[in-house]
$ cat entry-v6.txt   # compact mmCIF, C-alpha atoms and all ligand atoms
# COMPACT_ATOMS: atom_id res chain seq x y z
CA MET A 1 10.08 -14.87 23.20
CA ASP A 2 9.02 -15.42 19.56
CA ILE A 3 6.81 -12.83 17.88
CA LEU A 4 5.19 -13.30 14.48
CA VAL A 5 4.04 -10.22 12.60
CA ILE A 6 1.69 -10.97 9.70
CA GLY A 7 2.02 -8.24 7.07
CA GLY A 8 5.11 -6.17 6.33
CA GLY A 9 3.45 -2.81 5.68
CA ALA A 10 3.63 0.44 7.62
CA SER A 11 2.15 -0.86 10.85
CA GLY A 12 3.68 -4.35 10.68
CA LEU A 13 7.23 -3.08 10.15
CA ALA A 14 6.83 -0.50 12.94
CA ALA A 15 5.53 -3.25 15.24
CA ALA A 16 8.41 -5.57 14.29
CA ILE A 17 11.02 -2.88 14.99
CA CYS A 18 9.55 -2.07 18.42
CA ALA A 19 9.21 -5.73 19.43
CA SER A 20 12.75 -6.56 18.29
CA SER A 21 14.22 -4.83 21.36
CA ALA A 22 13.18 -7.81 23.52
CA ALA A 23 12.15 -10.72 21.28
CA ARG A 24 12.95 -12.78 18.17
CA VAL A 25 10.71 -11.29 15.49
CA THR A 26 9.63 -12.78 12.16
CA VAL A 27 7.54 -10.87 9.61
CA LEU A 28 5.43 -12.95 7.21
CA GLU A 29 4.80 -10.91 4.06
CA LYS A 30 2.61 -12.22 1.26
CA GLU A 31 4.23 -10.14 -1.53
CA GLU A 32 7.73 -10.66 -2.85
CA ARG A 33 8.79 -7.43 -1.09
CA PRO A 34 7.44 -5.75 2.07
CA GLY A 35 5.99 -2.24 2.13
CA LYS A 36 4.79 -1.99 -1.47
CA LYS A 37 1.85 0.24 -0.59
CA ILE A 38 4.07 2.73 1.25
CA LEU A 39 5.81 3.48 -2.05
CA ALA A 40 2.51 4.53 -3.65
CA THR A 41 1.44 6.88 -0.85
CA GLY A 42 1.21 10.65 -1.18
CA ASN A 43 1.89 10.43 -4.93
CA GLY A 44 5.27 8.88 -4.15
CA ARG A 45 6.05 11.48 -1.45
CA CYS A 46 4.41 9.60 1.48
CA ASN A 47 2.37 11.95 3.64
CA LEU A 48 3.30 9.97 6.75
CA MET A 49 1.64 11.97 9.55
CA ASN A 50 -0.27 15.10 10.44
CA ASP A 51 0.56 17.65 13.14
CA GLY A 52 -3.02 19.01 13.33
CA GLU A 53 -6.21 17.90 15.08
CA PRO A 54 -6.94 14.20 14.44
CA ARG A 55 -9.52 13.71 11.66
CA TYR A 56 -11.03 10.22 11.58
CA PHE A 57 -14.43 9.05 10.32
CA HIS A 58 -15.14 5.47 11.50
CA GLY A 59 -13.36 4.51 14.73
CA GLU A 60 -12.61 8.11 15.70
CA LYS A 61 -12.69 7.49 19.47
CA PHE A 62 -10.47 4.42 19.15
CA ALA A 63 -8.02 6.26 16.86
CA ARG A 64 -7.80 9.22 19.25
CA SER A 65 -6.99 6.82 22.11
CA VAL A 66 -4.24 5.19 20.05
CA LEU A 67 -2.76 8.59 19.13
CA GLY A 68 -3.04 9.86 22.73
CA PRO A 69 -2.29 13.50 23.53
CA ASP A 70 1.16 13.43 21.90
CA GLY A 71 0.89 11.07 18.91
CA PRO A 72 2.79 13.28 16.42
CA ARG A 73 5.61 13.83 18.93
CA ARG A 74 5.97 10.09 19.65
CA LEU A 75 5.87 9.29 15.95
CA ARG A 76 8.58 11.85 15.20
CA ALA A 77 10.70 10.21 17.96
CA PHE A 78 10.19 6.81 16.29
CA PHE A 79 11.23 8.17 12.87
CA ASP A 80 14.26 9.81 14.47
CA ASP A 81 15.15 6.48 16.11
CA ILE A 82 15.10 4.64 12.76
CA GLY A 83 17.16 7.38 11.08
CA LEU A 84 14.37 8.81 8.91
CA ASN A 85 14.69 12.56 8.44
CA VAL A 86 11.18 14.01 8.59
CA MET A 87 10.15 17.62 7.78
CA SER A 88 10.42 19.61 11.01
CA ARG A 89 7.67 22.03 9.96
CA ALA A 90 4.38 20.73 8.64
CA GLU A 91 3.00 21.82 5.29
CA GLU A 92 -0.40 23.43 4.81
CA ASP A 93 -3.10 21.57 6.73
CA GLY A 94 -0.57 19.91 9.07
CA ARG A 95 0.74 17.42 6.49
CA VAL A 96 4.18 16.00 7.21
CA TYR A 97 6.42 14.23 4.67
CA PRO A 98 9.91 12.75 4.83
CA ALA A 99 12.43 15.56 4.26
CA THR A 100 13.51 13.83 1.03
CA HIS A 101 9.87 13.97 -0.19
CA GLN A 102 10.36 10.38 -1.31
CA ALA A 103 8.28 7.47 -0.06
CA ALA A 104 11.24 5.18 -0.83
CA SER A 105 13.21 6.85 2.00
CA VAL A 106 10.52 5.75 4.47
CA LEU A 107 10.58 2.15 3.32
CA ASP A 108 14.40 2.12 3.14
CA ALA A 109 14.66 3.34 6.75
CA LEU A 110 12.11 0.77 7.98
CA ARG A 111 13.79 -2.11 6.16
CA ALA A 112 17.33 -1.11 7.16
CA THR A 113 16.25 -0.88 10.81
CA CYS A 114 14.63 -4.32 10.61
CA ALA A 115 17.88 -5.71 9.19
CA ARG A 116 20.04 -4.01 11.87
CA ARG A 117 17.81 -5.30 14.67
CA GLY A 118 17.71 -8.87 13.41
CA VAL A 119 14.06 -8.92 12.29
CA ARG A 120 13.59 -11.85 9.89
CA ILE A 121 11.38 -10.97 6.90
CA LEU A 122 9.90 -13.94 5.06
CA ALA A 123 8.60 -12.62 1.73
CA SER A 124 6.14 -14.49 -0.52
CA SER A 125 4.58 -15.98 2.64
CA PRO A 126 0.82 -15.40 2.63
CA ALA A 127 -0.66 -16.38 6.00
CA ASP A 128 -4.03 -18.11 5.81
CA MET A 129 -4.63 -19.53 9.28
CA ILE A 130 -3.91 -18.75 12.94
CA GLU A 131 -4.32 -21.46 15.59
CA THR A 132 -4.16 -20.92 19.35
CA ARG A 133 -3.17 -23.69 21.73
CA GLY A 134 -2.48 -23.30 25.46
CA GLY A 135 -1.74 -19.58 25.11
CA ALA A 136 0.73 -20.09 22.24
CA PHE A 137 0.12 -19.64 18.49
CA ARG A 138 0.73 -21.40 15.18
CA VAL A 139 0.43 -19.56 11.89
CA ARG A 140 0.25 -21.21 8.47
CA ALA A 141 1.86 -19.25 5.65
CA GLY A 142 2.60 -20.60 2.18
CA GLY A 143 1.92 -24.12 3.48
CA GLN A 144 4.50 -23.82 6.31
CA TRP A 145 3.61 -23.66 10.00
CA HIS A 146 5.35 -21.08 12.24
CA SER A 147 5.12 -21.06 16.06
CA ALA A 148 5.03 -17.98 18.26
CA ASP A 149 4.24 -16.70 21.73
CA ARG A 150 2.47 -13.62 20.36
CA VAL A 151 1.01 -12.75 16.95
CA ILE A 152 0.54 -9.25 15.55
CA VAL A 153 -1.83 -9.16 12.56
CA SER A 154 -1.12 -6.12 10.32
CA CYS A 155 -2.52 -7.11 6.92
CA GLY A 156 -3.96 -3.71 5.93
CA SER A 157 -6.97 -3.45 3.61
CA PRO A 158 -7.50 -4.38 -0.04
CA ALA A 159 -7.59 -0.66 -1.02
CA GLY A 160 -5.12 0.03 -3.82
CA THR A 161 -4.13 -3.62 -4.20
CA GLY A 162 -6.55 -4.78 -6.90
CA GLU A 163 -7.88 -7.39 -4.45
CA ARG A 164 -11.38 -7.46 -3.01
CA LYS A 165 -11.34 -9.67 0.05
CA GLY A 166 -8.34 -8.88 2.23
CA SER A 167 -7.02 -11.10 5.01
CA TYR A 168 -9.66 -10.36 7.64
CA GLY A 169 -10.48 -14.08 7.96
CA LEU A 170 -7.29 -14.53 10.02
CA VAL A 171 -8.85 -12.46 12.81
CA THR A 172 -12.56 -13.19 12.32
CA GLY A 173 -11.62 -16.91 12.40
CA LEU A 174 -10.67 -16.35 16.05
CA GLY A 175 -14.08 -14.89 16.95
CA HIS A 176 -13.70 -11.16 16.18
CA ALA A 177 -16.49 -9.30 14.42
CA MET A 178 -16.06 -7.51 11.12
CA VAL A 179 -17.71 -4.24 10.02
CA PRO A 180 -18.60 -4.46 6.29
CA LEU A 181 -16.12 -2.79 3.91
CA LEU A 182 -16.80 0.34 1.84
CA PRO A 183 -14.31 2.03 -0.48
CA ALA A 184 -13.20 5.40 0.95
CA LEU A 185 -11.12 8.36 -0.22
CA CYS A 186 -11.81 7.77 -3.90
CA PRO A 187 -13.22 9.78 -6.84
CA LEU A 188 -16.94 9.80 -7.66
CA GLU A 189 -18.32 8.83 -11.05
CA CYS A 190 -20.86 11.38 -12.23
CA ASP A 191 -23.04 12.06 -15.25
CA MET A 192 -20.67 14.38 -17.10
CA ARG A 193 -22.76 14.79 -20.26
CA SER A 194 -22.76 18.51 -21.07
CA LEU A 195 -19.91 19.11 -18.60
CA GLY A 196 -17.02 17.88 -20.76
CA ALA A 197 -15.59 21.42 -21.02
CA LEU A 198 -14.81 21.34 -17.29
CA LYS A 199 -12.30 18.48 -17.60
CA GLY A 200 -9.09 19.45 -15.78
CA LEU A 201 -10.72 22.34 -13.83
CA ARG A 202 -9.70 22.57 -10.15
CA ILE A 203 -11.77 24.78 -7.83
CA PRO A 204 -12.38 25.23 -4.11
CA ALA A 205 -15.96 24.40 -3.08
CA VAL A 206 -18.22 23.10 -0.34
CA ALA A 207 -19.58 19.75 -1.47
CA THR A 208 -22.80 18.36 -0.01
CA LEU A 209 -23.70 14.75 -0.72
CA LYS A 210 -27.43 14.11 -0.94
CA ALA A 211 -29.35 10.83 -1.09
CA ASP A 212 -32.88 11.08 -2.50
CA GLY A 213 -32.66 14.84 -1.94
CA ALA A 214 -31.66 14.73 1.74
CA PRO A 215 -28.17 15.94 2.77
CA VAL A 216 -26.05 13.15 4.27
CA ALA A 217 -22.53 14.53 4.48
CA GLN A 218 -20.55 17.63 3.65
CA ALA A 219 -16.90 18.47 3.07
CA GLY A 220 -14.91 21.43 1.87
CA GLY A 221 -11.77 21.79 -0.19
CA GLU A 222 -10.59 21.23 -3.72
CA VAL A 223 -12.83 19.68 -6.39
CA LEU A 224 -11.22 18.42 -9.58
CA PHE A 225 -13.27 17.71 -12.71
CA GLY A 226 -12.39 14.70 -14.88
CA ASP A 227 -14.01 13.05 -17.87
CA ARG A 228 -15.77 10.35 -15.79
CA GLY A 229 -16.59 12.38 -12.69
CA VAL A 230 -15.00 14.43 -9.93
CA SER A 231 -12.19 13.97 -7.43
CA GLY A 232 -10.20 16.21 -5.08
CA ILE A 233 -10.15 16.30 -1.30
CA ALA A 234 -13.74 17.50 -0.78
CA VAL A 235 -15.07 14.71 -3.01
CA MET A 236 -12.81 11.95 -1.66
CA GLN A 237 -14.00 12.65 1.89
CA LEU A 238 -17.59 11.95 0.81
CA SER A 239 -16.93 8.81 -1.22
CA ALA A 240 -17.58 6.22 1.51
CA ASP A 241 -20.88 7.94 2.32
CA ALA A 242 -21.77 7.78 -1.39
CA ALA A 243 -20.83 4.07 -1.54
CA ALA A 244 -23.06 3.40 1.46
CA ARG A 245 -26.05 4.87 -0.43
CA ALA A 246 -25.61 2.87 -3.63
CA GLY A 247 -29.36 2.12 -3.93
CA SER A 248 -30.48 5.78 -3.65
CA HIS A 249 -30.53 8.68 -6.09
CA VAL A 250 -27.23 10.28 -5.07
CA THR A 251 -26.28 13.84 -6.02
CA LEU A 252 -23.39 16.14 -5.21
CA SER A 253 -24.26 19.78 -4.68
CA LEU A 254 -21.32 22.16 -5.01
CA ASP A 255 -21.42 25.55 -3.34
CA LEU A 256 -18.83 27.59 -5.25
CA SER A 257 -18.77 30.44 -2.73
CA PRO A 258 -15.12 29.80 -1.77
CA LEU A 259 -14.22 30.42 -5.41
CA LEU A 260 -16.02 33.78 -5.21
CA ASP A 261 -14.22 34.56 -1.93
CA ILE A 262 -17.48 34.72 0.00
CA ALA A 263 -18.53 32.48 2.89
CA PRO A 264 -20.61 29.41 2.00
CA ARG A 265 -24.31 29.85 2.80
CA ASP A 266 -25.01 26.91 5.03
CA HIS A 267 -22.75 24.16 6.17
CA PHE A 268 -23.30 21.51 8.79
CA ARG A 269 -19.95 19.76 9.10
CA PHE A 270 -17.34 21.68 7.35
CA ALA A 271 -13.63 22.32 7.04
CA TYR A 272 -13.37 25.99 5.97
CA GLY A 273 -13.42 28.47 8.84
CA ARG A 274 -15.80 31.35 8.20
CA ASP A 275 -12.93 33.74 8.92
CA ALA A 276 -11.27 32.61 5.71
CA PHE A 277 -13.76 34.73 3.75
CA ARG A 278 -14.16 38.42 3.21
CA ALA A 279 -17.85 38.66 4.02
CA PRO A 280 -20.86 36.48 4.74
CA GLY A 281 -21.89 34.83 1.53
CA ASP A 282 -24.42 36.37 -0.79
CA ALA A 283 -23.75 35.35 -4.36
CA ARG A 284 -26.83 37.19 -5.59
CA ALA A 285 -25.70 40.52 -4.05
CA LEU A 286 -22.25 40.04 -5.56
CA LEU A 287 -23.71 39.44 -9.02
CA LEU A 288 -26.09 42.41 -8.78
CA SER A 289 -23.30 44.74 -7.74
CA ARG A 290 -21.15 43.55 -10.66
CA LEU A 291 -24.06 44.00 -13.07
CA LYS A 292 -24.24 47.67 -12.04
CA ARG A 293 -20.58 48.21 -12.86
CA LEU A 294 -19.91 45.87 -15.77
CA PRO A 295 -21.49 45.05 -19.13
CA ARG A 296 -23.52 41.77 -19.02
CA GLU A 297 -20.99 39.94 -21.21
CA ASP A 298 -18.28 40.67 -18.62
CA LEU A 299 -20.30 39.59 -15.59
CA PHE A 300 -18.07 36.57 -15.02
CA THR A 301 -14.85 37.90 -16.55
CA GLY A 302 -12.23 37.82 -13.83
CA LEU A 303 -14.68 36.17 -11.43
CA LEU A 304 -14.87 32.59 -12.71
CA PRO A 305 -12.57 30.45 -14.85
CA ARG A 306 -13.78 30.88 -18.44
CA VAL A 307 -14.86 27.25 -18.94
CA LEU A 308 -16.91 27.32 -15.75
CA ALA A 309 -18.53 30.65 -16.69
CA GLY A 310 -19.57 29.03 -19.98
CA VAL A 311 -21.43 26.26 -18.12
CA ILE A 312 -22.92 28.43 -15.34
CA ASP A 313 -24.11 31.14 -17.74
CA ARG A 314 -25.80 28.77 -20.23
CA GLY A 315 -29.02 30.39 -21.44
CA ARG A 316 -27.99 33.74 -19.86
CA PRO A 317 -30.42 33.60 -16.91
CA GLY A 318 -30.99 36.38 -14.38
CA ALA A 319 -29.08 37.04 -11.14
CA GLU A 320 -31.42 34.92 -9.00
CA GLU A 321 -31.01 31.81 -11.16
CA LEU A 322 -27.26 32.39 -11.53
CA ALA A 323 -26.81 32.71 -7.77
CA GLY A 324 -28.63 29.38 -7.41
CA ARG A 325 -26.31 27.74 -9.92
CA LEU A 326 -23.25 29.11 -8.10
CA THR A 327 -24.30 27.87 -4.69
CA ASP A 328 -26.01 24.63 -5.73
CA PHE A 329 -24.17 23.31 -8.77
CA THR A 330 -25.56 19.79 -8.84
CA LEU A 331 -23.96 16.66 -10.30
CA THR A 332 -25.67 13.27 -10.46
CA VAL A 333 -23.45 10.60 -8.87
CA THR A 334 -23.51 7.32 -10.79
CA GLY A 335 -20.92 5.38 -8.79
CA VAL A 336 -17.69 5.42 -6.79
CA ARG A 337 -14.26 4.60 -8.24
CA ALA A 338 -13.63 1.73 -5.81
CA ASP A 339 -10.55 0.73 -7.83
CA ALA A 340 -8.94 4.04 -6.84
CA ALA A 341 -9.83 3.91 -3.12
CA GLN A 342 -6.95 4.88 -0.84
CA VAL A 343 -8.48 3.18 2.20
CA MET A 344 -11.45 1.05 3.17
CA ARG A 345 -14.06 2.07 5.71
CA GLY A 346 -14.92 -0.96 7.87
CA GLY A 347 -12.71 -3.86 8.89
CA ILE A 348 -12.09 -5.67 12.15
CA ASP A 349 -14.37 -4.26 14.87
CA THR A 350 -12.25 -2.33 17.37
CA ALA A 351 -14.62 -3.07 20.29
CA LEU A 352 -12.62 -6.10 21.40
CA PHE A 353 -9.18 -4.44 21.19
CA ASP A 354 -7.40 -2.34 23.81
CA PRO A 355 -6.30 0.95 22.17
CA ARG A 356 -3.31 1.29 24.53
CA THR A 357 -1.79 -2.06 23.56
CA MET A 358 -3.75 -3.21 20.45
CA GLU A 359 -4.20 -6.58 22.18
CA SER A 360 -7.40 -8.56 21.73
CA ARG A 361 -9.57 -8.78 24.84
CA LEU A 362 -10.90 -12.07 23.43
CA VAL A 363 -7.63 -13.82 22.53
CA PRO A 364 -4.76 -12.70 24.80
CA GLY A 365 -1.46 -12.58 22.90
CA LEU A 366 -3.18 -11.65 19.63
CA TYR A 367 -2.75 -8.07 18.39
CA CYS A 368 -4.24 -6.27 15.41
CA THR A 369 -2.97 -2.98 13.95
CA GLY A 370 -3.38 -0.47 11.15
CA GLU A 371 -5.97 -0.29 8.45
CA MET A 372 -7.17 -3.82 9.01
CA LEU A 373 -9.17 -2.35 11.91
CA ASP A 374 -12.38 -0.39 11.41
CA VAL A 375 -10.61 2.99 11.47
CA ASP A 376 -10.44 5.33 8.49
CA GLY A 377 -8.98 8.79 8.54
CA ASP A 378 -9.04 11.83 6.31
CA CYS A 379 -6.55 12.66 3.56
CA GLY A 380 -3.52 14.38 5.06
CA GLY A 381 -1.45 11.62 6.66
CA PHE A 382 -4.01 10.39 9.21
CA ASN A 383 -4.16 6.81 7.92
CA LEU A 384 -0.43 6.21 7.97
CA MET A 385 -0.18 7.97 11.33
CA PHE A 386 -2.72 5.53 12.79
CA ALA A 387 -0.96 2.58 11.11
CA PHE A 388 2.47 3.52 12.49
CA LEU A 389 1.29 4.43 16.00
CA SER A 390 -0.88 1.32 16.37
CA GLY A 391 2.07 -0.78 15.18
CA ILE A 392 4.37 0.92 17.69
CA ALA A 393 1.83 0.29 20.49
CA ALA A 394 1.48 -3.40 19.63
CA GLY A 395 5.21 -4.01 19.14
CA SER A 396 6.17 -2.27 22.38
CA SER A 397 3.44 -3.76 24.56
CA CYS A 398 3.67 -7.37 23.36
CA VAL A 399 7.17 -7.67 24.84
CA SER A 400 6.62 -5.68 28.04
C1 LIG A 501 -2.57 5.10 -3.61
C2 LIG A 501 -2.60 5.27 -2.11
C3 LIG A 501 -2.07 6.43 -1.57
C4 LIG A 501 -2.11 6.63 -0.18
N1 LIG A 501 -1.54 7.76 0.33
C5 LIG A 501 -1.55 7.95 1.68
C6 LIG A 501 -0.89 9.08 2.26
O1 LIG A 501 -0.22 9.87 1.59
N2 LIG A 501 -1.01 9.24 3.62
C7 LIG A 501 -1.67 8.35 4.41
O2 LIG A 501 -1.74 8.55 5.62
N3 LIG A 501 -2.23 7.25 3.90
C8 LIG A 501 -2.17 7.02 2.57
N4 LIG A 501 -2.74 5.87 2.04
C9 LIG A 501 -3.31 4.88 2.99
C10 LIG A 501 -2.14 4.09 3.64
O3 LIG A 501 -1.27 3.61 2.64
C11 LIG A 501 -2.67 2.91 4.46
O4 LIG A 501 -3.66 3.34 5.35
C12 LIG A 501 -1.52 2.25 5.23
O5 LIG A 501 -0.54 1.76 4.35
C13 LIG A 501 -2.04 1.14 6.11
O6 LIG A 501 -0.94 0.50 6.72
P1 LIG A 501 -1.06 -1.02 7.19
O7 LIG A 501 0.24 -1.39 7.75
O8 LIG A 501 -2.26 -1.18 8.01
O9 LIG A 501 -1.32 -1.80 5.84
P2 LIG A 501 -0.40 -1.95 4.53
O10 LIG A 501 0.56 -0.83 4.46
O11 LIG A 501 -1.36 -2.14 3.42
O12 LIG A 501 0.42 -3.26 4.79
C14 LIG A 501 -0.20 -4.55 4.87
C15 LIG A 501 0.81 -5.59 4.45
O13 LIG A 501 0.30 -6.87 4.76
C16 LIG A 501 0.54 -7.75 3.67
N5 LIG A 501 -0.44 -8.83 3.76
C17 LIG A 501 -1.78 -8.76 3.54
N6 LIG A 501 -2.35 -9.95 3.76
C18 LIG A 501 -1.36 -10.79 4.14
C19 LIG A 501 -1.33 -12.17 4.50
N7 LIG A 501 -2.44 -12.91 4.53
N8 LIG A 501 -0.13 -12.73 4.82
C20 LIG A 501 1.02 -11.99 4.79
N9 LIG A 501 1.04 -10.69 4.45
C21 LIG A 501 -0.14 -10.09 4.15
C22 LIG A 501 0.40 -6.83 2.46
O14 LIG A 501 1.02 -7.38 1.31
C23 LIG A 501 1.07 -5.57 2.96
O15 LIG A 501 2.45 -5.56 2.72
C24 LIG A 501 -2.70 5.65 0.67
C25 LIG A 501 -3.20 4.47 0.10
C26 LIG A 501 -3.15 4.27 -1.26
C27 LIG A 501 -3.70 3.00 -1.85
$ encode --input "entry-v6.txt" --output "structure tokens"
Amino acid sequence: MDILVIGGGASGLAAAICASSAARVTVLEKEERPGKKILATGNGRCNLMNDGEPRYFHGEKFARSVLGPDGPRRLRAFFDDIGLNVMSRAEEDGRVYPATHQAASVLDALRATCARRGVRILASSPADMIETRGGAFRVRAGGQWHSADRVIVSCGSPAGTGERKGSYGLVTGLGHAMVPLLPALCPLECDMRSLGALKGLRIPAVATLKADGAPVAQAGGEVLFGDRGVSGIAVMQLSADAAARAGSHVTLSLDLSPLLDIAPRDHFRFAYGRDAFRAPGDARALLLSRLKRLPREDLFTGLLPRVLAGVIDRGRPGAEELAGRLTDFTLTVTGVRADAAQVMRGGIDTALFDPRTMESRLVPGLYCTGEMLDVDGDCGGFNLMFAFLSGIAAGSSCVS
């Protein structure tokens, strides 16, 4: 049996390795080398999976079915099989990295396994058409036609590539629907006039995204101030929701209660457990009690980073106003940094794919894996975990 895998990224290489046990496998890769994006992941450390509860935004049900009850265990078995030494104990928040903490080790292990198992990798071969005839396939790449019994399409998304379009046409051309793309997991551009002093500040917060004053999404975690806007996990999680509301007046309200070690006032979909805090939040009570004990000029000394105190305490307002600023520190969002998106929300509609096999219900013998599908996960290894496990499912099932 001949299998063609289009795209030599995380999911395509995993699929190729799994299919190679029972078929001749060729990977068509458009770049001069496969797996370029893997090298950029996790700041060069490659956060390749997560041992915790699955966290997906679009396509959550589909992603959970692909992961199954034991996704992390099966993925660890795959890494063990290809000789990649992975951290046995997860870091904070369930994140798992290769034991070397080097993304290059992941790509090296994938490529070496492909070579050992006879997988042919054709680099600089951009596929631009798939034809089906009598249950078999022909794929055109770089002007050459390649024949196959099954085709696995694993072209990823344009996030982080400098491209805009992606290779979705290969699959939509065969009748599959496409959910429009939005940049996700990227920084937000904000009006930073008068906030320049905060550049470089990193604080924990609950961030609520609002469109025309109404809350639309919320996330908790680190917020990092830059000169053009804000980033950090809490912000990145909200970026696709911000991109979706491009025509509205979008604001980001930061509740700084986690920085004060008190529980955030109200949250509707949120990552911090209430138990993480000393007491239910009341910023005003905290400020009033400090005012009784400390001179006014030391109200924030030892409580807030100095640069932040300078911004919050502008005009020296009273406790009521200050409590409002601490729990609703509002930034005006002017755009999303699409060029820095780690993933795209949207992609090939999962409705016509079987999550156990990744095979199309519309075109038998056609498989689609990884980020090309309308699945986007949270920071923390969830996107690579879905890419690898969907690739493993496609590669194993297409030869069984
Ligand atoms: C900067 C950055 C950091 C990230 N960090 C993390 C992280 O730490 N943890 C995490 O879980 N996720 C991370 N991600 C997301 C993660 O990299 C992707 O979700 C994952 O790589 C998707 O795997 P994939 O196989 O679907 O696609 P890709 O890995 O993108 O692979 C697709 C491959 O297909 C090739 N291709 C595309 N079109 C064609 C065509 N027409 N013909 C032939 N070949 C084609 C591409 O060149 C590419 O090699 C990060 C992303 C970025 C941009």
$ residues_near_ligand --input "entry-v6.txt" --ligand "ligand LIG 501 (chain A)" --cutoff "7 Å" --atoms "all atoms listed in the file" --output "ChimeraX atom specification"
/A:6-12,28-31,34-38,40-43,46-49,125-128,141,154-157,159-160,166-167,341-343,369-372,379-385,387
$ residues_around --input "entry-v6.txt" --residues "Ala99 (chain A)" --least-positions-apart "4" --cutoff "8 Å" --atoms "all atoms listed in the file" --output "PyMOL selection string"
chain A and resi 85-87
$ atom_distance --input "entry-v6.txt" --atom1 "CA of Ile233 (chain A)" --atom2 "CA of Leu185 (chain A)"
8.1 Å
$ atom_distance --input "entry-v6.txt" --atom1 "CA of Glu91 (chain A)" --atom2 "CA of Arg55 (chain A)"
16.2 Å
$ closest_residue --input "entry-v6.txt" --among "A:Met129, A:Leu39, A:Cys398, A:Leu308" --to "Leu198 (chain A)" --atoms "all atoms listed in the file"
A:Leu308
$ closest_residue --input "entry-v6.txt" --among "A:Met358, A:Val179, A:Leu209, A:Val250" --to "Arg345 (chain A)" --atoms "all atoms listed in the file"
A:Val179
$ atom_distance --input "entry-v6.txt" --atom1 "CA of Ala211 (chain A)" --atom2 "CA of Ser248 (chain A)"
5.8 Å
$ closest_residue --input "entry-v6.txt" --among "A:Tyr56, A:Phe62, A:Phe78, A:Phe137" --to "Phe388 (chain A)" --atoms "only C-alpha atoms"
A:Phe78
$ residues_near_point --input "entry-v6.txt" --point "(-20.7, 39.9, -6.5)" --cutoff "12 Å" --atoms "all atoms listed in the file" --output "JSON, numbers by chain"
{"A": [257, 259, 260, 261, 262, 278, 279, 280, 281, 282, 283, 284, 285, 286, 287, 288, 289, 290, 291, 292, 293, 294, 299, 300, 301, 302, 303, 304, 319, 322, 323, 326]}
$ closest_residue --input "entry-v6.txt" --among "A:Ala90, A:Leu13, A:Leu256, A:Ala393" --to "Arg202 (chain A)" --atoms "all atoms listed in the file"
A:Leu256
$ closest_residue --input "entry-v6.txt" --among "A:Arg150, A:Arg76, A:Arg138, A:Arg45" --to "Glu359 (chain A)" --atoms "all atoms listed in the file"
A:Arg150
$ closest_residue --input "entry-v6.txt" --among "A:Ala197, A:Leu331, A:Leu254, A:Val139" --to "Gln218 (chain A)" --atoms "only C-alpha atoms"
A:Leu254
$ residues_around --input "entry-v6.txt" --residues "Gly395 (chain A)" --least-positions-apart "6" --cutoff "10 Å" --atoms "all atoms listed in the file" --output "list in words"
Ile3, Val5, Ser11, Gly12, Leu13, Ala14, Ala15, Ala16, Ile17, Cys18, Ala19, Ser20, Ser21, Ala22, Ala23, Val25, Val151, Ile152, Thr357, Met358, Tyr367, Thr369 and Leu389 of chain A
$ residues_near_point --input "entry-v6.txt" --point "(-19.1, 21.4, -20.1)" --cutoff "9 Å" --atoms "all atoms listed in the file" --output "ChimeraX atom specification"
/A:192-199,307-308,310-311
$ residues_around --input "entry-v6.txt" --residues "Pro215 (chain A)" --least-positions-apart "5" --cutoff "10 Å" --atoms "only C-alpha atoms" --output "VMD selection string"
chain A and resid 208 to 210 250 to 253 268
$ residues_around --input "entry-v6.txt" --residues "Thr132 (chain A)" --least-positions-apart "4" --cutoff "12 Å" --atoms "only C-alpha atoms" --output "list of chain:residue names"
A:Ala136, A:Phe137, A:Arg138, A:Val139, A:Arg140, A:His146, A:Ser147, A:Ala148, A:Asp149, A:Arg150, A:Val151, A:Leu170, A:Val171, A:Gly173, A:Leu174, A:Gly175, A:Leu362, A:Val363, A:Pro364, A:Gly365, A:Leu366
$ decode --input "entry-v6.txt" --residues "region 341-347 of chain A" --atoms "N, CA and C atoms" --output "compact mmCIF listing (two decimals), in the first residue's frame"
# COMPACT_ATOMS: atom_id res chain seq x y z
N ALA A 341 0.78 35.22 16.15
CA ALA A 341 -0.16 34.16 16.58
C ALA A 341 0.55 32.81 16.62
N GLN A 342 0.29 32.04 17.68
CA GLN A 342 0.89 30.70 17.74
C GLN A 342 0.02 29.68 17.02
N VAL A 343 -1.28 29.92 16.98
CA VAL A 343 -2.18 29.02 16.26
C VAL A 343 -3.28 29.83 15.60
N MET A 344 -4.07 29.18 14.77
CA MET A 344 -5.24 29.82 14.19
C MET A 344 -6.49 29.13 14.73
N ARG A 345 -7.48 29.92 15.12
CA ARG A 345 -8.80 29.35 15.38
C ARG A 345 -9.47 29.20 14.01
N GLY A 346 -10.29 28.15 13.84
CA GLY A 346 -10.87 27.91 12.52
C GLY A 346 -10.03 26.91 11.75
N GLY A 347 -10.45 26.61 10.53
CA GLY A 347 -9.77 25.60 9.71
C GLY A 347 -10.79 24.64 9.16
